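What's in structure36.pdb: PDB, C-alpha atoms
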```pdb
ATOM      1  CA  MET A   1     -60.897  80.440 -78.142
ATOM      2  CA  ALA A   2     -59.795  79.699 -81.658
ATOM      3  CA  ALA A   3     -60.656  83.196 -82.812
ATOM      4  CA  LEU A   4     -58.518  84.715 -80.095
ATOM      5  CA  ASN A   5     -55.349  82.693 -80.702
ATOM      6  CA  PRO A   6     -52.637  85.290 -81.457
ATOM      7  CA  MET A   7     -50.598  82.913 -83.570
ATOM      8  CA  GLN A   8     -53.673  81.968 -85.621
ATOM      9  CA  LEU A   9     -54.301  85.663 -86.286
ATOM     10  CA  THR A  10     -50.639  86.174 -87.138
ATOM     11  CA  ILE A  11     -50.831  83.577 -89.905
ATOM     12  CA  ALA A  12     -53.665  85.437 -91.604
ATOM     13  CA  VAL A  13     -51.843  88.773 -91.342
ATOM     14  CA  LEU A  14     -48.521  87.363 -92.517
ATOM     15  CA  SER A  15     -50.131  85.845 -95.598
ATOM     16  CA  LEU A  16     -51.045  89.338 -96.778
ATOM     17  CA  MET A  17     -47.992  91.205 -95.534
ATOM     18  CA  ALA A  18     -45.515  88.715 -97.024
ATOM     19  CA  VAL A  19     -46.878  89.490-100.485
ATOM     20  CA  THR A  20     -46.714  93.209 -99.794
ATOM     21  CA  PHE A  21     -43.035  93.434 -98.833
ATOM     22  CA  SER A  22     -42.081  91.196-101.786
ATOM     23  CA  GLU A  23     -43.704  93.607-104.266
ATOM     24  CA  LEU A  24     -42.711  96.974-102.736
ATOM     25  CA  PRO A  25     -39.142  98.309-102.433
ATOM     26  CA  TYR A  26     -38.949  97.986 -98.635
ATOM     27  CA  ASP A  27     -35.908  96.657 -96.832
ATOM     28  CA  LYS A  28     -36.717  92.974 -96.419
ATOM     29  CA  LYS A  29     -35.078  92.558 -93.009
ATOM     30  CA  LEU A  30     -36.905  95.543 -91.551
ATOM     31  CA  ALA A  31     -40.205  94.373 -93.057
ATOM     32  CA  ILE A  32     -39.708  90.852 -91.686
ATOM     33  CA  GLY A  33     -39.000  92.187 -88.203
ATOM     34  CA  VAL A  34     -42.042  94.458 -88.266
ATOM     35  CA  ILE A  35     -44.354  91.638 -89.351
ATOM     36  CA  CYS A  36     -43.167  89.059 -86.807
ATOM     37  CA  ALA A  37     -42.822  91.472 -83.881
ATOM     38  CA  GLY A  38     -46.144  93.128 -84.659
ATOM     39  CA  GLY A  39     -47.850  89.763 -84.874
ATOM     40  CA  SER A  40     -46.534  88.724 -81.468
ATOM     41  CA  LEU A  41     -48.234  91.754 -79.891
ATOM     42  CA  GLY A  42     -51.333  89.566 -79.719
ATOM     43  CA  THR A  43     -50.005  88.171 -76.439
ATOM     44  CA  MET A  44     -50.237  91.614 -74.856
ATOM     45  CA  ILE A  45     -53.250  93.272 -76.441
ATOM     46  CA  PRO A  46     -56.654  92.139 -75.091
ATOM     47  CA  PRO A  47     -58.418  89.862 -75.684
ATOM     48  CA  SER A  48     -55.199  87.806 -75.526
ATOM     49  CA  ILE A  49     -55.565  84.039 -75.198
ATOM     50  CA  VAL A  50     -52.232  83.979 -73.326
ATOM     51  CA  LEU A  51     -53.617  86.232 -70.602
ATOM     52  CA  ILE A  52     -56.884  84.286 -70.480
ATOM     53  CA  VAL A  53     -55.159  80.934 -69.981
ATOM     54  CA  TYR A  54     -52.760  82.501 -67.462
ATOM     55  CA  GLY A  55     -55.667  83.942 -65.490
ATOM     56  CA  LEU A  56     -57.489  80.603 -65.421
ATOM     57  CA  THR A  57     -54.339  78.704 -64.437
ATOM     58  CA  ALA A  58     -53.150  81.186 -61.804
ATOM     59  CA  GLU A  59     -56.710  81.898 -60.573
ATOM     60  CA  VAL A  60     -56.260  85.589 -61.272
ATOM     61  CA  SER A  61     -58.871  88.004 -62.620
ATOM     62  CA  VAL A  62     -58.651  88.058 -66.419
ATOM     63  CA  HIS A  63     -60.243  91.508 -66.371
ATOM     64  CA  LYS A  64     -57.365  92.854 -64.245
ATOM     65  CA  LEU A  65     -54.838  91.130 -66.519
ATOM     66  CA  PHE A  66     -56.361  92.858 -69.540
ATOM     67  CA  LEU A  67     -56.167  96.229 -67.820
ATOM     68  CA  ALA A  68     -52.608  95.615 -66.601
ATOM     69  CA  SER A  69     -51.326  94.553 -70.021
ATOM     70  CA  PHE A  70     -52.825  97.468 -71.935
ATOM     71  CA  VAL A  71     -50.189 100.069 -71.017
ATOM     72  CA  PRO A  72     -47.148  97.723 -71.398
ATOM     73  CA  GLY A  73     -48.513  96.533 -74.748
ATOM     74  CA  PHE A  74     -48.996 100.122 -75.894
ATOM     75  CA  VAL A  75     -45.476 101.033 -74.709
ATOM     76  CA  LEU A  76     -44.021  98.066 -76.600
ATOM     77  CA  ALA A  77     -45.864  99.024 -79.797
ATOM     78  CA  LEU A  78     -44.654 102.618 -79.354
ATOM     79  CA  ALA A  79     -41.073 101.347 -78.942
ATOM     80  CA  TYR A  80     -41.401  99.429 -82.226
ATOM     81  CA  TYR A  81     -42.678 102.572 -83.915
ATOM     82  CA  ALA A  82     -39.836 104.679 -82.521
ATOM     83  CA  TYR A  83     -37.225 102.168 -83.709
ATOM     84  CA  ILE A  84     -38.715 102.018 -87.214
ATOM     85  CA  TYR A  85     -39.071 105.798 -87.422
ATOM     86  CA  ILE A  86     -35.485 106.421 -86.331
ATOM     87  CA  ARG A  87     -34.008 103.859 -88.725
ATOM     88  CA  CYS A  88     -36.074 105.059 -91.690
ATOM     89  CA  THR A  89     -35.244 108.695 -90.906
ATOM     90  CA  LEU A  90     -31.520 107.933 -90.833
ATOM     91  CA  ASN A  91     -31.749 105.787 -93.956
ATOM     92  CA  PRO A  92     -34.802 106.615 -96.118
ATOM     93  CA  ASN A  93     -33.869 103.832 -98.546
ATOM     94  CA  LEU A  94     -35.120 101.296 -96.013
ATOM     95  CA  ALA A  95     -38.724 102.343 -96.657
ATOM     96  CA  PRO A  96     -38.972 104.538 -99.755
ATOM     97  CA  MET A  97     -42.247 106.098-100.716
ATOM     98  CA  PRO A  98     -44.088 103.878-103.224
ATOM     99  CA  ASP A  99     -45.061 105.158-106.623
ATOM    100  CA  LYS A 100     -48.345 106.991-106.771
ATOM    101  CA  VAL A 101     -51.201 104.783-107.879
ATOM    102  CA  GLU A 102     -54.750 105.631-108.752
ATOM    103  CA  VAL A 103     -57.213 104.172-106.275
ATOM    104  CA  GLU A 104     -60.948 104.156-106.454
ATOM    105  CA  ALA A 105     -62.652 106.283-103.830
ATOM    106  CA  ILE A 106     -64.466 104.434-101.069
ATOM    107  CA  GLY A 107     -68.110 105.329-100.820
ATOM    108  CA  TRP A 108     -70.474 105.212 -97.880
ATOM    109  CA  LYS A 109     -71.962 101.999 -99.201
ATOM    110  CA  ASP A 110     -68.556 100.298 -99.044
ATOM    111  CA  ILE A 111     -67.949 101.581 -95.514
ATOM    112  CA  ILE A 112     -71.334 100.396 -94.262
ATOM    113  CA  HIS A 113     -71.004  97.042 -95.982
ATOM    114  CA  GLY A 114     -67.396  96.240 -95.114
ATOM    115  CA  PHE A 115     -65.969  98.390 -92.347
ATOM    116  CA  LEU A 116     -68.916  99.199 -90.092
ATOM    117  CA  PRO A 117     -69.712  95.563 -89.164
ATOM    118  CA  PHE A 118     -66.068  95.067 -88.162
ATOM    119  CA  LEU A 119     -66.199  98.071 -85.818
ATOM    120  CA  LEU A 120     -69.547  96.891 -84.482
ATOM    121  CA  LEU A 121     -68.130  93.493 -83.514
ATOM    122  CA  ILE A 122     -65.167  95.096 -81.734
ATOM    123  CA  PHE A 123     -67.510  97.413 -79.844
ATOM    124  CA  ILE A 124     -69.753  94.506 -78.809
ATOM    125  CA  VAL A 125     -66.882  92.315 -77.561
ATOM    126  CA  PHE A 126     -65.009  94.973 -75.627
ATOM    127  CA  GLY A 127     -68.221  96.596 -74.434
ATOM    128  CA  CYS A 128     -69.442  93.306 -72.961
ATOM    129  CA  ILE A 129     -66.082  92.556 -71.308
ATOM    130  CA  TYR A 130     -65.109  95.959 -69.938
ATOM    131  CA  GLY A 131     -68.688  96.972 -69.206
ATOM    132  CA  GLY A 132     -69.068  93.973 -66.932
ATOM    133  CA  VAL A 133     -72.051  92.719 -68.909
ATOM    134  CA  THR A 134     -70.602  89.272 -69.632
ATOM    135  CA  SER A 135     -67.552  87.169 -68.899
ATOM    136  CA  ILE A 136     -64.829  86.523 -71.475
ATOM    137  CA  THR A 137     -66.412  83.271 -72.676
ATOM    138  CA  GLU A 138     -69.903  84.748 -72.825
ATOM    139  CA  ALA A 139     -68.610  87.747 -74.800
ATOM    140  CA  ALA A 140     -67.162  85.333 -77.368
ATOM    141  CA  GLY A 141     -70.594  83.682 -77.677
ATOM    142  CA  VAL A 142     -72.261  87.073 -78.136
ATOM    143  CA  ALA A 143     -69.689  87.936 -80.826
ATOM    144  CA  VAL A 144     -70.449  84.697 -82.679
ATOM    145  CA  GLY A 145     -74.162  85.471 -82.617
ATOM    146  CA  ALA A 146     -73.568  89.027 -83.829
ATOM    147  CA  THR A 147     -71.285  87.764 -86.602
ATOM    148  CA  LEU A 148     -73.942  85.347 -87.832
ATOM    149  CA  MET A 149     -76.494  88.178 -87.876
ATOM    150  CA  VAL A 150     -74.138  90.384 -89.903
ATOM    151  CA  ILE A 151     -73.431  87.586 -92.381
ATOM    152  CA  TYR A 152     -77.149  86.891 -92.709
ATOM    153  CA  ALA A 153     -77.897  90.585 -93.271
ATOM    154  CA  ARG A 154     -75.277  90.657 -96.039
ATOM    155  CA  LYS A 155     -76.920  87.555 -97.591
ATOM    156  CA  GLU A 156     -73.672  85.574 -97.335
ATOM    157  CA  LEU A 157     -74.786  82.938 -94.833
ATOM    158  CA  CYS A 158     -74.687  79.399 -96.231
ATOM    159  CA  LYS A 159     -74.165  75.843 -95.025
ATOM    160  CA  GLU A 160     -70.668  75.633 -96.474
ATOM    161  CA  LEU A 161     -69.533  78.763 -94.601
ATOM    162  CA  VAL A 162     -70.892  77.476 -91.283
ATOM    163  CA  TRP A 163     -69.379  74.028 -91.858
ATOM    164  CA  GLN A 164     -65.913  75.453 -92.607
ATOM    165  CA  ALA A 165     -66.092  77.691 -89.519
ATOM    166  CA  LEU A 166     -67.052  74.728 -87.322
ATOM    167  CA  LYS A 167     -64.234  72.569 -88.702
ATOM    168  CA  ARG A 168     -61.590  75.267 -88.192
ATOM    169  CA  THR A 169     -62.843  75.992 -84.683
ATOM    170  CA  LEU A 170     -62.794  72.300 -83.789
ATOM    171  CA  LEU A 171     -59.282  71.905 -85.198
ATOM    172  CA  SER A 172     -57.866  74.904 -83.310
ATOM    173  CA  CYS A 173     -59.646  74.163 -80.032
ATOM    174  CA  GLY A 174     -58.848  70.468 -80.307
ATOM    175  CA  ILE A 175     -55.122  71.146 -80.487
ATOM    176  CA  ILE A 176     -55.268  73.456 -77.471
ATOM    177  CA  LEU A 177     -57.399  71.013 -75.481
ATOM    178  CA  TRP A 178     -55.105  68.053 -76.154
ATOM    179  CA  VAL A 179     -52.015  70.070 -75.241
ATOM    180  CA  THR A 180     -53.800  71.277 -72.118
ATOM    181  CA  PHE A 181     -54.831  67.731 -71.243
ATOM    182  CA  GLY A 182     -51.281  66.391 -71.693
ATOM    183  CA  ALA A 183     -49.763  69.206 -69.669
ATOM    184  CA  ALA A 184     -52.377  68.770 -66.920
ATOM    185  CA  VAL A 185     -51.557  65.071 -66.637
ATOM    186  CA  LEU A 186     -47.844  65.815 -66.522
ATOM    187  CA  ILE A 187     -48.344  68.507 -63.880
ATOM    188  CA  GLY A 188     -50.514  66.150 -61.811
ATOM    189  CA  ILE A 189     -47.853  63.448 -61.841
ATOM    190  CA  TYR A 190     -45.210  66.059 -61.124
ATOM    191  CA  ASN A 191     -47.100  67.374 -58.101
ATOM    192  CA  LEU A 192     -47.924  63.896 -56.762
ATOM    193  CA  SER A 193     -44.233  63.012 -56.886
ATOM    194  CA  GLY A 194     -43.427  66.093 -54.790
ATOM    195  CA  GLY A 195     -42.012  68.160 -57.626
ATOM    196  CA  GLN A 196     -43.769  71.392 -56.688
ATOM    197  CA  GLN A 197     -42.618  71.193 -53.080
ATOM    198  CA  TYR A 198     -39.087  70.417 -54.257
ATOM    199  CA  VAL A 199     -38.930  73.389 -56.621
ATOM    200  CA  THR A 200     -40.451  75.674 -53.997
ATOM    201  CA  SER A 201     -37.953  74.514 -51.395
ATOM    202  CA  PHE A 202     -35.096  74.768 -53.887
ATOM    203  CA  ILE A 203     -35.901  78.360 -54.868
ATOM    204  CA  ALA A 204     -36.522  79.331 -51.241
ATOM    205  CA  GLY A 205     -33.227  77.707 -50.266
ATOM    206  CA  LEU A 206     -31.182  79.647 -52.772
ATOM    207  CA  GLY A 207     -30.791  82.403 -50.224
ATOM    208  CA  ILE A 208     -31.354  85.142 -52.799
ATOM    209  CA  SER A 209     -33.518  88.235 -52.606
ATOM    210  CA  PRO A 210     -37.161  88.155 -53.741
ATOM    211  CA  PHE A 211     -36.315  90.251 -56.797
ATOM    212  CA  ALA A 212     -33.501  87.862 -57.746
ATOM    213  CA  THR A 213     -36.005  85.026 -57.435
ATOM    214  CA  ILE A 214     -38.229  86.748 -60.003
ATOM    215  CA  LEU A 215     -35.198  87.073 -62.288
ATOM    216  CA  VAL A 216     -34.532  83.332 -61.956
ATOM    217  CA  MET A 217     -38.126  82.664 -63.009
ATOM    218  CA  MET A 218     -37.731  84.955 -66.025
ATOM    219  CA  LEU A 219     -34.584  83.041 -66.967
ATOM    220  CA  VAL A 220     -36.545  79.778 -66.806
ATOM    221  CA  PHE A 221     -39.169  81.277 -69.130
ATOM    222  CA  PHE A 222     -36.469  82.367 -71.577
ATOM    223  CA  VAL A 223     -34.787  78.948 -71.635
ATOM    224  CA  LEU A 224     -38.049  77.031 -72.038
ATOM    225  CA  GLY A 225     -39.147  79.493 -74.729
ATOM    226  CA  LEU A 226     -36.276  78.324 -76.904
ATOM    227  CA  PHE A 227     -37.803  74.864 -77.216
ATOM    228  CA  MET A 228     -41.479  74.913 -76.164
ATOM    229  CA  ASP A 229     -44.783  76.540 -77.075
ATOM    230  CA  TRP A 230     -46.224  79.146 -74.711
ATOM    231  CA  ILE A 231     -49.118  77.013 -73.483
ATOM    232  CA  GLY A 232     -46.772  74.200 -72.462
ATOM    233  CA  ILE A 233     -44.542  76.661 -70.608
ATOM    234  CA  LEU A 234     -47.535  78.237 -68.884
ATOM    235  CA  LEU A 235     -49.120  75.003 -67.731
ATOM    236  CA  LEU A 236     -45.817  73.573 -66.529
ATOM    237  CA  THR A 237     -44.479  76.593 -64.652
ATOM    238  CA  ILE A 238     -47.294  78.919 -63.580
ATOM    239  CA  PRO A 239     -48.897  76.510 -61.038
ATOM    240  CA  ILE A 240     -45.450  76.292 -59.409
ATOM    241  CA  PHE A 241     -44.262  79.885 -59.726
ATOM    242  CA  VAL A 242     -47.419  81.839 -58.828
ATOM    243  CA  PRO A 243     -47.642  80.560 -55.215
ATOM    244  CA  ILE A 244     -43.982  81.509 -54.762
ATOM    245  CA  VAL A 245     -44.579  84.936 -56.289
ATOM    246  CA  THR A 246     -47.538  85.508 -53.968
ATOM    247  CA  HIS A 247     -45.539  84.300 -50.965
ATOM    248  CA  LEU A 248     -42.785  86.782 -51.817
ATOM    249  CA  GLY A 249     -45.318  89.604 -51.718
ATOM    250  CA  TYR A 250     -45.559  90.319 -55.448
ATOM    251  CA  ASP A 251     -48.769  90.776 -57.398
ATOM    252  CA  PRO A 252     -49.602  87.775 -59.654
ATOM    253  CA  VAL A 253     -51.245  90.194 -62.104
ATOM    254  CA  TRP A 254     -47.898  91.963 -62.571
ATOM    255  CA  PHE A 255     -46.221  88.555 -62.933
ATOM    256  CA  GLY A 256     -48.729  87.715 -65.682
ATOM    257  CA  VAL A 257     -47.637  90.807 -67.607
ATOM    258  CA  LEU A 258     -44.009  89.713 -67.232
ATOM    259  CA  PHE A 259     -44.905  86.252 -68.508
ATOM    260  CA  SER A 260     -46.615  87.754 -71.558
ATOM    261  CA  LEU A 261     -43.554  89.869 -72.298
ATOM    262  CA  THR A 262     -41.236  86.878 -72.076
ATOM    263  CA  MET A 263     -43.511  84.992 -74.468
ATOM    264  CA  GLN A 264     -43.084  87.902 -76.876
ATOM    265  CA  VAL A 265     -39.384  87.072 -76.979
ATOM    266  CA  ALA A 266     -40.098  83.336 -77.192
ATOM    267  CA  PHE A 267     -42.230  83.839 -80.303
ATOM    268  CA  LEU A 268     -39.196  85.290 -82.115
ATOM    269  CA  SER A 269     -36.190  83.515 -80.598
ATOM    270  CA  PRO A 270     -34.513  80.550 -82.325
ATOM    271  CA  PRO A 271     -34.471  77.601 -82.587
ATOM    272  CA  PHE A 272     -38.242  77.313 -81.961
ATOM    273  CA  GLY A 273     -39.489  80.830 -82.751
ATOM    274  CA  PRO A 274     -42.994  79.993 -84.066
ATOM    275  CA  ALA A 275     -43.460  83.424 -85.658
ATOM    276  CA  ALA A 276     -40.403  82.820 -87.858
ATOM    277  CA  PHE A 277     -41.736  79.470 -89.062
ATOM    278  CA  TYR A 278     -45.182  80.917 -89.734
ATOM    279  CA  LEU A 279     -43.624  83.661 -91.847
ATOM    280  CA  LYS A 280     -41.418  81.193 -93.696
ATOM    281  CA  SER A 281     -44.487  79.163 -94.658
ATOM    282  CA  VAL A 282     -46.028  82.138 -96.517
ATOM    283  CA  ALA A 283     -42.957  84.193 -97.508
ATOM    284  CA  PRO A 284     -41.442  84.165-101.021
ATOM    285  CA  PRO A 285     -38.956  81.319-101.616
ATOM    286  CA  GLU A 286     -35.941  83.636-101.613
ATOM    287  CA  ILE A 287     -36.588  84.544 -97.948
ATOM    288  CA  SER A 288     -34.637  81.938 -95.973
ATOM    289  CA  LEU A 289     -35.155  81.017 -92.341
ATOM    290  CA  GLN A 290     -31.674  82.354 -91.569
ATOM    291  CA  THR A 291     -32.662  85.722 -93.052
ATOM    292  CA  ILE A 292     -35.801  85.804 -90.942
ATOM    293  CA  TYR A 293     -33.941  85.092 -87.696
ATOM    294  CA  ALA A 294     -31.268  87.650 -88.567
ATOM    295  CA  SER A 295     -34.030  90.240 -88.984
ATOM    296  CA  LEU A 296     -35.593  89.660 -85.575
ATOM    297  CA  TRP A 297     -32.806  90.431 -83.092
ATOM    298  CA  PRO A 298     -33.382  94.249 -82.933
ATOM    299  CA  PHE A 299     -37.010  93.670 -82.009
ATOM    300  CA  MET A 300     -36.042  91.015 -79.465
ATOM    301  CA  LEU A 301     -33.730  93.566 -77.820
ATOM    302  CA  ILE A 302     -36.628  96.029 -77.687
ATOM    303  CA  GLN A 303     -38.820  93.387 -76.054
ATOM    304  CA  ILE A 304     -36.156  92.589 -73.464
ATOM    305  CA  ALA A 305     -35.682  96.316 -72.756
ATOM    306  CA  ILE A 306     -39.421  96.766 -72.115
ATOM    307  CA  LEU A 307     -39.383  93.654 -69.913
ATOM    308  CA  VAL A 308     -36.560  95.113 -67.824
ATOM    309  CA  PHE A 309     -38.505  98.383 -67.637
ATOM    310  CA  MET A 310     -41.590  96.593 -66.316
ATOM    311  CA  LEU A 311     -39.459  94.647 -63.845
ATOM    312  CA  ALA A 312     -37.997  97.862 -62.486
ATOM    313  CA  PHE A 313     -41.302  99.775 -62.390
ATOM    314  CA  PRO A 314     -44.222  97.416 -61.583
ATOM    315  CA  GLY A 315     -46.549 100.373 -61.011
ATOM    316  CA  ILE A 316     -46.715 101.015 -64.758
ATOM    317  CA  ALA A 317     -48.663  97.797 -65.219
ATOM    318  CA  LEU A 318     -50.645  97.937 -61.980
ATOM    319  CA  TRP A 319     -51.891 101.519 -61.881
ATOM    320  CA  LEU A 320     -54.743 101.003 -64.361
ATOM    321  CA  PRO A 321     -56.270  97.948 -62.576
ATOM    322  CA  ALA A 322     -55.943  99.826 -59.267
ATOM    323  CA  ALA A 323     -57.575 102.952 -60.704
ATOM    324  CA  LEU A 324     -60.537 101.071 -62.195
ATOM    325  CA  SER A 325     -61.063  98.514 -59.435
TER     326      SER A 325
END
```

Mind turning the file's structure into C-alpha cells?
Amino acid sequence: MAALNPMQLTIAVLSLMAVTFSELPYDKKLAIGVICAGGSLGTMIPPSIVLIVYGLTAEVSVHKLFLASFVPGFVLALAYYAYIYIRCTLNPNLAPMPDKVEVEAIGWKDIIHGFLPFLLLIFIVFGCIYGGVTSITEAAGVAVGATLMVIYARKELCKELVWQALKRTLLSCGIILWVTFGAAVLIGIYNLSGGQQYVTSFIAGLGISPFATILVMMLVFFVLGLFMDWIGILLLTIPIFVPIVTHLGYDPVWFGVLFSLTMQVAFLSPPFGPAAFYLKSVAPPEISLQTIYASLWPFMLIQIAILVFMLAFPGIALWLPAALS
C-alpha cells in the first residue's frame, strides 16, 4: 500500500519539479498549480489507494472503480492541459522556451538498463489486475518480486537497500493502519450510539430530492476536506453515506468517482491542503505558503467544474465498467 499512496508519490515528484521551476524562467504561480494539481491526480488514476480503500469500505468492486475513474481522470488531466495551453498561448511569457542545451544521446543500453524495467513493472501490475490474473494485493506482491529480480539482475541488490525499503514501507503502512484503527473505533462507537441511524433519518427527513441529497453529501465532503485527511473523511462518512446512496437508487461506483473528485479539491484547498504543505517543504525559501495557495484556485475551479460535469452525466463514469463487465 505504501507504494500506491498518491501523496507519497507526490512528494517524490515535487522534490524534482520544485528545483526545475526555480531554475527555469517559468511563471512560478502556473508552475506551482501544475505541480500540485498534477500530483493530486493520483486519487483518480489507477492504481489509486483512495479508490482501493473506498472499495474495501463500501464493499464495492475495486476493479469497477478503476474502470469508472479512468475516463473522469483522463478528462480532468485534459482540462488541466487545455487551461495551461490557453494561458500560455495568450501569454507566452508564462512558459518561455528554454535555451538550447547540448544533451548526450540515449543509447539502447541506457534504455534497456533504465527505462525498460520501469515499463515492464507497469505492464506486470496492470496486466495482473485488468487481466483478472490476481487481485490488487496479489498484484502488489508480484510487483515486489519482479522489482527484486530487476534489482538483482542490475547487480544493485544489497542488505542496506532492502532494509531501507522495509523501514519506509513499515512507516507508511503503520501510519495508515493506525489512522484506520482510530477511525474504525470511532465509527464503531458512533454506530453503537445510533449515529448512523440518526444521520440516515435526518437526511431522509429533509424532504429533498435524491439528487439534492447527493449534493448535501458533496458539501459535507468539501467541508471536512478543509480540515481532515482523505482517509479520515472516507472512514467516517462512507459507511454512512453509501447505504443511503444505494437506497436512493444511485450506483456506489459512481459515488466513489465523485468522492475521488472531491478529494482532488481537498488536496489543494486551504487551510489543510496537504499538497500545498508538501510543496512548501521542498520549494525554494522565497516561495511562501500564501503564494502556493494563491496559485491553486484556477485548478480548484477546474476540479469543481469536472465534478459538476460528472454529477450531471453519471454515464460518463459508468459506461466503461458496463461495457467490460

| task | Can you work out which one of A:Thr134, A:Ser69, A:Gln290, A:Ser269 has the shortest atom-to-atom distance to A:Val223, counting only C-alpha atoms? | result |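 Distance minimum relative to A:Val223 lands on A:Ser269.
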
| request: Tell me which of A:Tyr278, A:Phe181, A:Tyr80, A:Trp254 sits closest to A:Val60, counting all atoms listed in the file. | output: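 Of the candidates, the smallest distance to A:Val60 is held by A:Trp254.
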
| field | Close residues, stretch 112-115 of chain A itself excluded, 12 Å, all atoms listed in the file, min 2 positions apart in chain, as a list in words | value |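 Selected residues are Ile106, Gly107, Trp108, Lys109, Asp110, Pro117, Phe118, Leu119, Leu120, Leu121, Ile122, Val150, Ile151, Ala153, Arg154, Lys155 and Glu156 of chain A.
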
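With only C-alpha atoms as the atoms that count, the minimum distance from A:Leu177 to the choices A:Ala305, A:Val142, A:Ile231, A:Ile124 is reached by A:Ile231.
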
| When distances are computed from all atoms listed in the file, which of A:Ile52, A:Leu171, A:Leu78, A:Leu248 shows the smallest separation from A:Pro210? |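 Once distances to A:Pro210 are computed over all atoms listed in the file, the minimum belongs to A:Leu248.
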
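Atom CA of A:Phe227 to atom CA of A:Gly273 spans 8.3 Å [interatomic distance, one decimal].
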
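Here atom CA of A:Pro314 and atom CA of A:Leu226 stand 25.7 Å from one another.
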
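Atom to atom, atom CA of A:Met149 and atom CA of A:Lys167 stand 19.9 Å apart.
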
| message | Which residues would end up in the selection if the PyMOL selection byres ((chain A and resi 57) around 10) were applied here, given that I need the answer as a VMD selection string? | response | chain A and resid 51 to 56 58 to 60 234 to 235 238 to 239 242

| Hey, which of A:Ala68, A:Leu166, A:Ile214, A:Leu206 ends up closest to A:Thr246? Count only C-alpha atoms. | A:Ile214

With 8 Å as the threshold, what does the neighbourhood of (-40.4, 82.8, -81.7) contain in terms of residues, counting all atoms listed in the file? Coordinates are those of the file; answer as a short mmCIF file (atom, residue, chain, number, x, y, z; two decimals) with C-alpha atoms, keeping the file's coordinate frame.
```
data_model
loop_
_atom_site.label_atom_id
_atom_site.label_comp_id
_atom_site.auth_asym_id
_atom_site.auth_seq_id
_atom_site.Cartn_x
_atom_site.Cartn_y
_atom_site.Cartn_z
CA GLY A 225 -39.15 79.49 -74.73
CA LEU A 226 -36.28 78.32 -76.90
CA GLN A 264 -43.08 87.90 -76.88
CA VAL A 265 -39.38 87.07 -76.98
CA ALA A 266 -40.10 83.34 -77.19
CA PHE A 267 -42.23 83.84 -80.30
CA LEU A 268 -39.20 85.29 -82.12
CA SER A 269 -36.19 83.52 -80.60
CA PRO A 270 -34.51 80.55 -82.32
CA PRO A 271 -34.47 77.60 -82.59
CA PHE A 272 -38.24 77.31 -81.96
CA GLY A 273 -39.49 80.83 -82.75
CA PRO A 274 -42.99 79.99 -84.07
CA ALA A 275 -43.46 83.42 -85.66
CA ALA A 276 -40.40 82.82 -87.86
#
```

| said: as a PyMOL selection string, please: the residues near A:Leu324 (cut-off 12 Å, only C-alpha atoms, same-chain neighbours under 4 positions excluded). | reply: chain A and resi 63-64+66-68+130-131+318-320

Some atoms are absent from stretch 153-166 of chain A, so rebuild N, CA and C atoms and return them as a CSV table (one decimal), in the coordinates of the input.
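Ended up saving to part_33.csv:
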```csv
chain,number,residue,atom,x,y,z
A,153,ALA,N,-77.4,89.3,-92.7
A,153,ALA,CA,-77.9,90.6,-93.3
A,153,ALA,C,-77.2,90.9,-94.6
A,154,ARG,N,-76.0,90.4,-94.8
A,154,ARG,CA,-75.3,90.7,-96.0
A,154,ARG,C,-75.6,89.6,-97.1
A,155,LYS,N,-76.5,88.6,-96.7
A,155,LYS,CA,-76.9,87.6,-97.6
A,155,LYS,C,-75.7,86.7,-98.0
A,156,GLU,N,-74.8,86.4,-97.1
A,156,GLU,CA,-73.7,85.6,-97.3
A,156,GLU,C,-73.7,84.3,-96.5
A,157,LEU,N,-74.7,84.1,-95.7
A,157,LEU,CA,-74.8,82.9,-94.8
A,157,LEU,C,-75.2,81.7,-95.6
A,158,CYS,N,-74.4,80.6,-95.5
A,158,CYS,CA,-74.7,79.4,-96.2
A,158,CYS,C,-74.2,78.2,-95.4
A,159,LYS,N,-74.6,77.0,-95.8
A,159,LYS,CA,-74.2,75.8,-95.0
A,159,LYS,C,-72.7,75.6,-95.1
A,160,GLU,N,-72.1,75.9,-96.3
A,160,GLU,CA,-70.7,75.6,-96.5
A,160,GLU,C,-69.8,76.6,-95.6
A,161,LEU,N,-70.3,77.8,-95.4
A,161,LEU,CA,-69.5,78.8,-94.6
A,161,LEU,C,-69.6,78.3,-93.1
A,162,VAL,N,-70.7,77.9,-92.7
A,162,VAL,CA,-70.9,77.5,-91.3
A,162,VAL,C,-70.1,76.2,-91.0
A,163,TRP,N,-70.1,75.3,-92.0
A,163,TRP,CA,-69.4,74.0,-91.9
A,163,TRP,C,-67.9,74.3,-91.8
A,164,GLN,N,-67.3,75.1,-92.6
A,164,GLN,CA,-65.9,75.5,-92.6
A,164,GLN,C,-65.5,76.1,-91.3
A,165,ALA,N,-66.4,77.0,-90.8
A,165,ALA,CA,-66.1,77.7,-89.5
A,165,ALA,C,-66.1,76.7,-88.4
A,166,LEU,N,-67.0,75.7,-88.4
A,166,LEU,CA,-67.1,74.7,-87.3
A,166,LEU,C,-65.8,73.8,-87.4
```
